[in-house]
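Okay, start09.cif is below, mmCIF, C-alpha atoms and all ligand atoms:
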```cif
data_entry
loop_
_atom_site.label_atom_id
_atom_site.label_comp_id
_atom_site.auth_asym_id
_atom_site.auth_seq_id
_atom_site.Cartn_x
_atom_site.Cartn_y
_atom_site.Cartn_z
CA MET A 476 -7.05 158.41 234.24
CA ARG A 477 -8.20 155.01 233.16
CA CYS A 478 -11.88 155.38 232.53
CA PRO A 479 -13.38 158.83 232.75
CA LEU A 480 -16.89 157.43 233.02
CA LEU A 481 -16.21 155.74 236.29
CA VAL A 482 -14.95 158.71 238.17
CA LEU A 483 -17.93 160.99 238.01
CA PRO A 484 -18.50 163.09 241.11
CA ALA A 485 -21.02 161.89 243.63
CA VAL A 486 -23.63 164.51 242.78
CA LEU A 487 -23.68 163.47 239.14
CA LEU A 488 -23.77 159.81 240.13
CA ILE A 489 -26.83 160.48 242.20
CA ALA A 490 -28.41 162.20 239.21
CA LEU A 491 -27.54 159.22 237.03
CA GLY A 492 -28.96 156.94 239.67
CA ALA A 493 -32.24 158.78 239.47
CA LEU A 494 -32.35 158.29 235.72
CA ALA A 495 -31.10 154.74 235.49
CA CYS A 496 -32.14 151.17 236.06
CA GLY A 497 -35.89 151.56 235.58
CA GLY A 498 -36.08 147.82 235.00
CA GLY A 499 -34.66 145.05 232.89
CA ALA A 500 -31.15 143.71 233.05
CA GLY A 501 -28.87 146.65 232.48
CA PRO A 502 -27.61 149.91 233.82
CA PRO A 503 -26.38 152.78 231.71
CA ALA A 504 -22.78 152.00 231.04
CA ALA A 505 -21.65 155.27 232.50
CA GLY A 506 -23.33 155.05 235.85
CA ASP A 507 -21.83 152.05 237.59
CA SER A 508 -19.60 153.85 240.01
CA ALA A 509 -19.42 155.17 243.51
CA GLU A 510 -16.06 156.80 243.69
CA ALA A 511 -16.44 160.20 245.28
CA ASP A 512 -12.87 161.29 245.68
CA SER A 513 -11.90 161.39 242.04
CA ALA A 514 -11.78 164.22 239.59
CA PRO A 515 -14.83 164.99 237.48
CA ALA A 516 -14.63 164.05 233.84
CA GLU A 517 -16.53 164.32 230.62
CA PRO A 518 -19.11 161.57 230.21
CA GLU A 519 -18.12 159.78 227.01
CA SER A 520 -19.14 156.20 226.56
CA ALA A 521 -18.07 155.44 223.01
CA ASP A 522 -15.13 153.24 223.91
CA LEU A 523 -16.71 151.12 226.63
CA ASN A 524 -17.60 148.36 224.20
CA ASP A 525 -14.36 148.59 222.24
CA PRO A 526 -12.19 145.57 223.11
CA VAL A 527 -9.01 147.36 222.00
CA ALA A 528 -9.65 150.54 224.00
CA GLN A 529 -10.73 148.50 227.01
CA ARG A 530 -7.99 145.89 226.93
CA VAL A 531 -5.90 145.42 230.06
CA GLU A 532 -2.96 143.04 230.22
CA PRO A 533 -3.93 140.31 232.67
CA PHE A 534 -1.97 140.39 235.90
CA GLN A 535 -1.37 138.39 239.03
CA ILE A 536 -2.50 139.78 242.38
CA PHE A 537 -1.85 136.85 244.72
CA ASP A 538 -0.56 133.29 244.28
CA ASN A 539 -4.13 132.17 243.62
CA LEU A 540 -5.75 135.30 242.16
CA PHE A 541 -5.43 137.03 238.79
CA TYR A 542 -7.13 139.95 237.03
CA VAL A 543 -8.47 139.11 233.57
CA GLY A 544 -10.94 141.97 233.26
CA ILE A 545 -11.04 145.15 231.21
CA GLU A 546 -10.64 148.83 232.06
CA TRP A 547 -14.16 149.44 233.26
CA VAL A 548 -15.30 146.03 234.50
CA SER A 549 -13.39 143.56 236.62
CA CYS A 550 -13.12 139.84 236.05
CA TYR A 551 -11.06 137.70 238.43
CA LEU A 552 -9.58 134.26 238.01
CA LEU A 553 -9.36 132.32 241.26
CA VAL A 554 -7.11 129.29 241.03
CA THR A 555 -7.69 126.28 243.27
CA THR A 556 -6.13 122.83 243.50
CA ASP A 557 -9.21 121.42 241.83
CA GLY A 558 -9.91 123.84 239.01
CA LEU A 559 -10.62 127.47 238.22
CA ILE A 560 -13.31 129.90 239.30
CA LEU A 561 -14.18 133.02 237.34
CA ILE A 562 -15.75 135.92 239.22
CA ASP A 563 -17.91 137.86 236.79
CA ALA A 564 -18.02 137.16 233.09
CA LEU A 565 -17.75 140.49 231.20
CA TYR A 566 -19.85 140.86 228.02
CA GLY A 567 -19.73 141.19 224.24
CA ASP A 568 -16.29 141.26 222.65
CA HIS A 569 -14.70 141.58 226.08
CA ILE A 570 -15.37 137.91 226.80
CA ASP A 571 -12.50 137.08 224.46
CA THR A 572 -10.24 139.37 226.50
CA ALA A 573 -10.93 137.23 229.58
CA ILE A 574 -10.42 133.96 227.69
CA ASP A 575 -7.17 135.21 226.13
CA GLY A 576 -6.07 136.43 229.55
CA ILE A 577 -6.69 133.06 231.19
CA ARG A 578 -4.65 131.35 228.47
CA SER A 579 -1.82 133.87 228.52
CA LEU A 580 -1.47 133.36 232.27
CA GLY A 581 -0.91 129.68 231.55
CA TYR A 582 -4.32 128.32 232.52
CA ASP A 583 -6.84 126.43 230.43
CA PRO A 584 -10.37 127.85 230.28
CA ALA A 585 -11.57 124.24 230.03
CA ASP A 586 -10.60 123.95 233.71
CA LEU A 587 -13.21 126.56 234.70
CA LYS A 588 -15.57 124.90 237.15
CA TYR A 589 -17.65 127.90 238.21
CA VAL A 590 -18.57 131.37 237.03
CA LEU A 591 -19.83 133.40 239.99
CA VAL A 592 -21.77 136.49 238.97
CA THR A 593 -21.94 139.43 241.36
CA HIS A 594 -25.17 140.79 239.90
CA GLY A 595 -27.44 140.47 236.91
CA HIS A 596 -26.40 143.54 234.90
CA PHE A 597 -25.09 142.83 231.42
CA ASP A 598 -21.53 143.95 232.09
CA HIS A 599 -21.07 141.21 234.72
CA VAL A 600 -23.32 138.39 233.48
CA GLY A 601 -23.08 138.86 229.70
CA GLY A 602 -20.33 136.27 229.21
CA ALA A 603 -21.71 133.63 231.56
CA ALA A 604 -23.62 131.68 228.89
CA ARG A 605 -20.50 131.35 226.77
CA PHE A 606 -18.39 130.02 229.65
CA GLN A 607 -21.21 127.65 230.51
CA GLU A 608 -21.71 126.37 226.96
CA THR A 609 -18.10 126.26 225.84
CA TYR A 610 -16.31 125.10 228.97
CA GLY A 611 -19.05 123.49 231.05
CA ALA A 612 -18.59 125.94 233.91
CA ARG A 613 -21.50 126.15 236.33
CA VAL A 614 -22.98 129.63 236.70
CA GLY A 615 -23.97 130.89 240.14
CA MET A 616 -26.07 133.93 241.02
CA THR A 617 -28.67 134.90 243.62
CA ALA A 618 -32.32 134.08 242.93
CA ALA A 619 -33.25 137.76 242.49
CA ASP A 620 -30.48 138.40 240.01
CA TRP A 621 -31.16 135.24 238.03
CA GLU A 622 -34.57 136.80 237.52
CA LEU A 623 -32.99 140.12 236.58
CA ALA A 624 -30.63 138.48 234.08
CA GLU A 625 -33.50 136.50 232.60
CA THR A 626 -35.70 139.60 232.13
CA PRO A 627 -35.38 141.24 228.70
CA PRO A 628 -33.73 144.64 229.20
CA ASP A 629 -35.35 147.99 228.34
CA ASN A 630 -32.32 148.92 226.27
CA PRO A 631 -31.33 146.55 223.43
CA ASP A 632 -27.66 147.45 224.04
CA TRP A 633 -27.90 145.52 227.29
CA GLU A 634 -29.16 142.30 225.74
CA ILE A 635 -27.15 139.21 226.60
CA ASP A 636 -27.10 135.49 225.94
CA VAL A 637 -28.88 134.31 229.06
CA PRO A 638 -27.13 131.36 230.72
CA VAL A 639 -29.08 128.22 231.51
CA HIS A 640 -30.57 128.63 234.99
CA ASP A 641 -27.98 126.91 237.13
CA MET A 642 -26.76 127.44 240.71
CA VAL A 643 -28.88 129.67 242.93
CA ILE A 644 -26.69 131.09 245.66
CA ALA A 645 -28.27 132.11 248.96
CA ASP A 646 -26.97 134.15 251.85
CA GLY A 647 -24.64 132.10 254.04
CA ASP A 648 -23.90 129.51 251.36
CA THR A 649 -20.36 128.30 250.94
CA LEU A 650 -18.62 126.75 247.98
CA GLU A 651 -15.61 124.51 248.32
CA LEU A 652 -13.31 123.74 245.44
CA GLY A 653 -9.97 122.08 246.13
CA ASP A 654 -8.08 124.10 248.72
CA THR A 655 -10.44 127.09 248.58
CA GLU A 656 -13.71 127.87 250.32
CA LEU A 657 -15.82 130.84 249.37
CA ARG A 658 -18.53 132.29 251.59
CA PHE A 659 -21.43 134.22 250.11
CA TYR A 660 -23.49 137.18 251.29
CA VAL A 661 -26.55 138.67 249.65
CA THR A 662 -26.02 142.43 249.86
CA PRO A 663 -28.86 144.14 247.97
CA GLY A 664 -29.02 147.78 246.92
CA HIS A 665 -27.35 148.18 243.53
CA THR A 666 -29.66 145.33 242.45
CA GLU A 667 -32.15 143.29 244.49
CA GLY A 668 -29.79 140.33 244.66
CA VAL A 669 -26.22 141.58 244.76
CA LEU A 670 -23.86 138.72 245.56
CA SER A 671 -20.82 139.47 247.68
CA MET A 672 -18.20 136.92 248.57
CA GLU A 673 -15.12 136.32 250.62
CA PHE A 674 -12.30 133.86 250.10
CA PRO A 675 -8.68 133.38 251.08
CA VAL A 676 -5.87 134.77 248.97
CA ARG A 677 -2.30 133.73 249.55
CA GLU A 678 1.21 134.93 249.07
CA ALA A 679 4.46 133.53 250.43
CA GLY A 680 2.61 131.21 252.79
CA GLU A 681 0.49 134.01 254.24
CA GLU A 682 -3.26 133.94 253.89
CA HIS A 683 -5.44 137.04 253.68
CA ARG A 684 -9.19 137.58 253.82
CA ALA A 685 -10.37 139.01 250.51
CA PHE A 686 -13.86 140.44 250.15
CA LEU A 687 -15.68 141.44 247.00
CA PHE A 688 -18.73 143.69 247.46
CA GLY A 689 -20.75 142.78 244.40
CA GLY A 690 -22.70 146.02 243.94
CA VAL A 691 -20.91 149.25 244.77
CA GLY A 692 -22.56 151.60 242.26
CA LEU A 693 -25.30 153.99 243.33
CA ASN A 694 -27.02 153.97 239.93
CA PHE A 695 -30.37 152.77 241.18
CA GLU A 696 -33.52 154.47 242.39
CA GLY A 697 -35.60 154.85 245.49
CA VAL A 698 -35.56 155.23 249.24
CA HIS A 699 -36.07 151.51 249.86
CA ARG A 700 -33.18 150.40 247.70
CA THR A 701 -30.92 153.07 249.17
CA ASN A 702 -31.75 151.82 252.65
CA LEU A 703 -30.98 148.27 251.51
CA TYR A 704 -27.63 149.48 250.21
CA LEU A 705 -26.86 151.20 253.51
CA ASP A 706 -27.80 148.01 255.40
CA SER A 707 -25.47 146.03 253.13
CA VAL A 708 -22.58 148.41 253.72
CA ALA A 709 -23.24 148.29 257.48
CA ARG A 710 -23.16 144.51 257.36
CA ILE A 711 -19.83 144.47 255.54
CA GLN A 712 -18.51 147.00 258.06
CA ARG A 713 -19.36 144.51 260.82
CA LEU A 714 -17.62 141.70 258.93
CA ALA A 715 -14.57 143.88 258.37
CA ALA A 716 -14.39 144.64 262.09
CA GLU A 717 -14.47 141.01 263.26
CA GLU A 718 -12.02 140.57 266.10
CA GLY A 719 -8.79 139.02 264.88
CA ASN A 720 -10.18 138.47 261.39
CA PRO A 721 -10.24 141.78 259.52
CA ILE A 722 -11.02 141.99 255.83
CA ASP A 723 -7.64 142.99 254.53
CA VAL A 724 -8.04 142.75 250.74
CA ASN A 725 -10.60 144.80 248.81
CA LEU A 726 -11.58 143.43 245.42
CA SER A 727 -14.12 145.41 243.46
CA ASN A 728 -16.08 144.45 240.39
CA HIS A 729 -15.26 147.76 238.73
CA ALA A 730 -11.54 148.28 238.97
CA SER A 731 -11.77 152.05 239.45
CA MET A 732 -13.96 151.64 242.51
CA GLY A 733 -11.37 149.81 244.55
CA ARG A 734 -8.03 151.27 243.38
CA ILE A 735 -7.30 147.97 241.63
CA PHE A 736 -5.02 149.36 238.91
CA GLU A 737 -3.31 151.79 241.26
CA ARG A 738 -2.47 148.95 243.64
CA ALA A 739 -1.45 146.74 240.71
CA GLU A 740 1.09 149.36 239.64
CA GLN A 741 2.45 149.49 243.18
CA LEU A 742 2.60 145.70 243.21
CA ALA A 743 4.53 145.61 239.93
CA SER A 744 7.16 147.98 241.31
CA ARG A 745 7.25 146.58 244.85
CA ALA A 746 10.68 146.20 246.34
CA GLU A 747 11.74 142.99 248.05
CA GLY A 748 10.29 142.89 251.56
CA ASP A 749 7.76 145.67 251.02
CA PRO A 750 4.18 144.97 252.11
CA HIS A 751 1.67 143.74 249.53
CA PRO A 752 -0.22 146.86 248.34
CA PHE A 753 -3.55 145.00 248.18
CA VAL A 754 -3.30 144.07 251.88
CA ASP A 755 -4.81 147.15 253.51
CA PRO A 756 -7.34 146.54 256.31
CA GLU A 757 -7.41 150.20 257.38
CA GLY A 758 -7.97 151.28 253.78
CA TYR A 759 -10.91 148.91 253.60
CA VAL A 760 -12.56 150.45 256.64
CA SER A 761 -12.20 153.97 255.21
CA TRP A 762 -13.45 152.81 251.80
CA LEU A 763 -16.60 151.42 253.41
CA ALA A 764 -17.07 154.68 255.32
CA GLU A 765 -16.89 156.53 252.00
CA LEU A 766 -19.52 154.23 250.48
CA GLN A 767 -21.70 154.88 253.51
CA ARG A 768 -21.33 158.66 253.19
CA ASN A 769 -22.15 158.58 249.48
CA ALA A 770 -25.25 156.47 250.09
CA GLU A 771 -26.38 158.72 252.94
CA GLU A 772 -26.17 161.69 250.55
CA LYS A 773 -28.18 159.73 248.02
CA LEU A 774 -30.78 158.90 250.66
CA VAL A 775 -31.39 162.61 251.29
CA VAL A 776 -31.99 163.15 247.55
CA GLU A 777 -34.18 160.06 247.22
CA ARG A 778 -36.31 161.15 250.18
CA GLU A 779 -36.81 164.56 248.61
CA LEU A 780 -37.76 162.97 245.28
CA ALA A 781 -40.25 160.77 247.14
CA GLY A 782 -41.70 163.80 248.94
CA GLU A 783 -40.71 162.43 252.34
ZN ZN B 1 -24.45 146.96 237.88
#
```
Using structure tokens, write down the structure that the file contains.
Amino acid sequence: MRCPLLVLPAVLLIALGALACGGGAGPPAAGDSAEADSAPAEPESADLNDPVAQRVEPFQIFDNLFYVGIEWVSCYLLVTTDGLILIDALYGDHIDTAIDGIRSLGYDPADLKYVLVTHGHFDHVGGAARFQETYGARVGMTAADWELAETPPDNPDWEIDVPVHDMVIADGDTLELGDTELRFYVTPGHTEGVLSMEFPVREAGEEHRAFLFGGVGLNFEGVHRTNLYLDSVARIQRLAAEEGNPIDVNLSNHASMGRIFERAEQLASRAEGDPHPFVDPEGYVSWLAELQRNAEEKLVVERELAGE
């Protein structure tokens, strides 16, 4: 098991959700998960901020996509013909893990053109200011989550260096860099301004449609937000079901929520001619159905709490 905190059972996640995210820019470290089919585990959080305990060797997923994140939070490097894009920015000492990873893969962090942040919680946005200041990367987030990131958190552990207010990304926006175009969707629920995105990934001349749902965790409160989350999942389900254009690659911003490491192990031991383990359109549809079920369970609890 890679990170016991991220595989809490759904019931406990719902309880955490009821306790967490009262305001400010950060969640409890332990609550950012929505994986229901994993074994329960003891909630320990001591090693989440430890760069040694959390270190993951960077790895390649597709010709143009690499993982440079840590055990409990993802960070992806998207390589284009005109520079690099980082998706999420980690936080604290983990920022160095991402920078080291980029270098060890043979890329220069000075070629980072954009840092795209899935939402304004510290574990995703914490490193953005450093990439902006040090490498001149432009930082993009939704309007709502710029506001979240710029609001001092309730818990001092979640404090971050706030990046200079830069690109505001709206629903339907696209971003073109070299040979790559990303398309953005605002999919609220986990936060008010969760940013999801899709982009092409390639291997051996074949292109696949990768999608990253930027806010999977159910650690938030309220009937309204839960309904927003359900609407967001329903929207992604419609995108995934587009005729002739299925979403076939699931990238998640917490590795444990999208079987990232499990698939990476399969990829590392793949035999010649075997299918790419990250290309799994049917798996994506069932994953979304699981998110929907979890959120529907949460909605029942939230309605009871609200006296509805
Ligand atoms: Zn979060």
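Using all atoms listed in the file, the protein and nucleic acid residues lying no more than 7 Å from Val531 of chain A, apart from those fewer than 3 places from it along its own chain, are Gly544, Ile545 and Glu546 of chain A.
Note that atom CA of His569 of chain A and atom CA of Pro638 of chain A are 16.7 Å apart.
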Point-to-point distance in Å for atom CA of Gly601 of chain A and atom CA of Ile635 of chain A: 5.1 Å
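The space separating atom CA of Phe695 of chain A from atom CA of Ala716 of chain A comes to 27.5 Å.
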A:Ala604, A:Tyr582, A:Val760, A:Trp633 ranked by distance to Arg713 of chain A, top pick (using only C-alpha atoms): A:Val760
List every residue of segment 521-620 of chain A that has an atom at most 12 Å from any atom of segment 654-660 of chain A, giving for each one its closest atom pair and the distance in Å to one decimal, counting all atoms listed in the file, sorted by chain and then by ascending residue number, as a Markdown table.
```
| residue | atom | partner | partner_atom | distance |
| --- | --- | --- | --- | --- |
| A:Asn539 | CA | A:Thr655 | CA | 9.5 |
| A:Leu540 | CA | A:Thr655 | CA | 11.4 |
| A:Leu553 | CA | A:Thr655 | CA | 9.1 |
| A:Val554 | CA | A:Thr655 | CA | 8.5 |
| A:Thr555 | CA | A:Asp654 | CA | 5.9 |
| A:Thr556 | CA | A:Asp654 | CA | 5.7 |
| A:Asp557 | CA | A:Asp654 | CA | 7.5 |
| A:Gly558 | CA | A:Asp654 | CA | 9.9 |
| A:Leu559 | CA | A:Thr655 | CA | 10.4 |
| A:Ile560 | CA | A:Thr655 | CA | 10.1 |
| A:Ile562 | CA | A:Leu657 | CA | 11.4 |
| A:Tyr589 | CA | A:Leu657 | CA | 11.7 |
| A:Leu591 | CA | A:Phe659 | CA | 10.3 |
| A:Val592 | CA | A:Phe659 | CA | 11.4 |
| A:Thr593 | CA | A:Phe659 | CA | 10.2 |
| A:Gly615 | CA | A:Phe659 | CA | 10.8 |
| A:Met616 | CA | A:Phe659 | CA | 10.2 |
| A:Thr617 | CA | A:Tyr660 | CA | 9.5 |
```
The centre and edge lengths of an axis-aligned box containing all atoms of segment 526-544 of chain A present in the file, extended by 6 Å on each side, are to be given in Å to one decimal, as JSON.
```
{"center_x": -6.4, "center_y": 141.4, "center_z": 233.4, "size_x": 23.6, "size_y": 30.4, "size_z": 34.7}
```
List the neighbours of Glu777 of chain A out to 8 Å using only C-alpha atoms; skip same-chain residues closer than 5 positions along the sequence, and give me the result as a compact mmCIF listing (two decimals) with C-alpha atoms, keeping the file's coordinate frame.
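Contents of the output file result37.txt:
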```txt
# COMPACT_ATOMS: atom_id res chain seq x y z
CA GLU A 696 -33.52 154.47 242.39
CA GLY A 697 -35.60 154.85 245.49
CA VAL A 698 -35.56 155.23 249.24
CA THR A 701 -30.92 153.07 249.17
```
Residue nearest Glu682 of chain A - candidates A:Asp723, A:Glu718, A:Glu765, A:Glu634, atoms counted: only C-alpha atoms: A:Asp723
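Using all atoms listed in the file, the nearest neighbour of ligand ZN 1 (chain B) within the list A:Ala679, A:Ala743, A:Leu623, A:Leu774 is A:Leu623.
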From A:Glu757, A:Asp563, A:Glu678, A:Asp749, residue lying nearest ligand ZN 1 (chain B) [all atoms listed in the file]: A:Asp563
